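So the structure is just underneath, and the comments pick up after that.
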Amino acid sequence: TPITSATINGEWATVATRWANHYRAISRANTIIKNLESKEIPITDAAKQKYLAEARFVRAYQYARLIDYFGDVVYYTDVIPLEEAYKTTRTRKEDVLKAVYEDFDYAIEHLPVSYPAADPARATRGAAMAFKCRTALYNGDWALARDAAKMCMELGVYKLYPDFGELFLSKTGKVDEIIYSVPRSVALGVSTNIRAY
């Protein structure tokens, strides 16, 4: 009803929930990044780089969505106390976008091309390229979008599924057309598939 009656504002529950959920994910990603960069953690350097890349992928995606919806947004890359959060002002969209591209580039450099079939759905190099491409498209950075899409295609990992009608059936499962997905999970409270093609 708020959509059809054109009464959407910042107090609409959907807008408030979207804002809060994106920042919840950003705060979690920042916490992971800070801990991996500042503490001695008993993991290999390769694992550390991969986890950093996954966290930066998530942060980039969340900020990309926020600037698509809201333009200038509150931007932070550290773990900040609540008092400071209330005083933080918005950052120009252009500056946030630059940081988003930097996070995607880090993810592209450090994420693996694929995972074993038994591994849960995780961000890959192709996913970082695809989301960088999408972000660039949404922001009119045509050359950057072209280059990111070309890199993703040249990985040779993805191809179109032959039957479009079957693609969205649960029996189809993971296919080579799906670049990134978060499957449904009753245990984790995820009731819809999140997919990027």
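Chain labels A, B, ... are given in the sequence in which chains occur in the structure tokens; within each chain residues are numbered consecutively from 1, and ligands are likewise numbered from 1 in the order shown.
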
Subject >> Selection: 10 Å around segment 105-113 of chain A, only C-alpha atoms, excl. self and same-chain fewer than 4 positions, as a PyMOL selection string >> reply: chain A and resi 46-58+60+99-101+122-130+132+148+151-152+155-157

Subject >> In segment 9-187 of chain A, DSSP alpha helix (DSSP H) residues written as a ChimeraX atom specification >> reply: /A:13-38,45-70,82-87,93-110,125-138,142-154,164-167

Given only C-alpha atoms, how would the per-residue table for segment 19-123 of chain A near segment 6-11 of chain A read, listing every residue at most 12 Å away with its closest atom pair and distance in Å to one decimal, sorted by chain and number, as JSON lines?
{"residue": "A:Trp19", "atom": "CA", "partner": "A:Gly10", "partner_atom": "CA", "distance": 9.6}
{"residue": "A:Ala20", "atom": "CA", "partner": "A:Gly10", "partner_atom": "CA", "distance": 11.9}
{"residue": "A:Tyr69", "atom": "CA", "partner": "A:Gly10", "partner_atom": "CA", "distance": 11.4}
{"residue": "A:Phe70", "atom": "CA", "partner": "A:Gly10", "partner_atom": "CA", "distance": 10.1}

**OP:** Would you mind listing what lies within 12 Å of Arg28 of chain A as a PyMOL selection string, with only C-alpha atoms counted and same-chain residues fewer than 4 positions away left out?
**Re:** chain A and resi 21-24+32-35+54-56+58-59+62+77-80

For the residues in that selection, give me C-alpha atoms as a PDB file, in the first residue's frame.
ATOM      1  CA  ASN A  21      20.107  -5.057   8.194  1.00  0.00           C
ATOM      2  CA  HIS A  22      22.736  -3.640   5.844  1.00  0.00           C
ATOM      3  CA  TYR A  23      24.513  -1.918   8.723  1.00  0.00           C
ATOM      4  CA  ARG A  24      24.291  -5.050  10.866  1.00  0.00           C
ATOM      5  CA  ILE A  32      35.960  -9.772  11.369  1.00  0.00           C
ATOM      6  CA  ILE A  33      38.353  -7.556   9.398  1.00  0.00           C
ATOM      7  CA  LYS A  34      39.595  -5.736  12.508  1.00  0.00           C
ATOM      8  CA  ASN A  35      40.170  -8.973  14.419  1.00  0.00           C
ATOM      9  CA  GLU A  54      35.054 -12.750   2.205  1.00  0.00           C
ATOM     10  CA  ALA A  55      34.438 -10.043   4.810  1.00  0.00           C
ATOM     11  CA  ARG A  56      35.406  -7.272   2.381  1.00  0.00           C
ATOM     12  CA  VAL A  58      30.213  -8.691   2.171  1.00  0.00           C
ATOM     13  CA  ARG A  59      31.030  -5.118   3.200  1.00  0.00           C
ATOM     14  CA  GLN A  62      26.197  -4.025   1.630  1.00  0.00           C
ATOM     15  CA  THR A  77      35.327   0.646   8.315  1.00  0.00           C
ATOM     16  CA  ASP A  78      36.131   0.257  11.992  1.00  0.00           C
ATOM     17  CA  VAL A  79      34.287  -1.080  15.012  1.00  0.00           C
ATOM     18  CA  ILE A  80      32.793   2.078  16.470  1.00  0.00           C
TER      19      ILE A  80
END
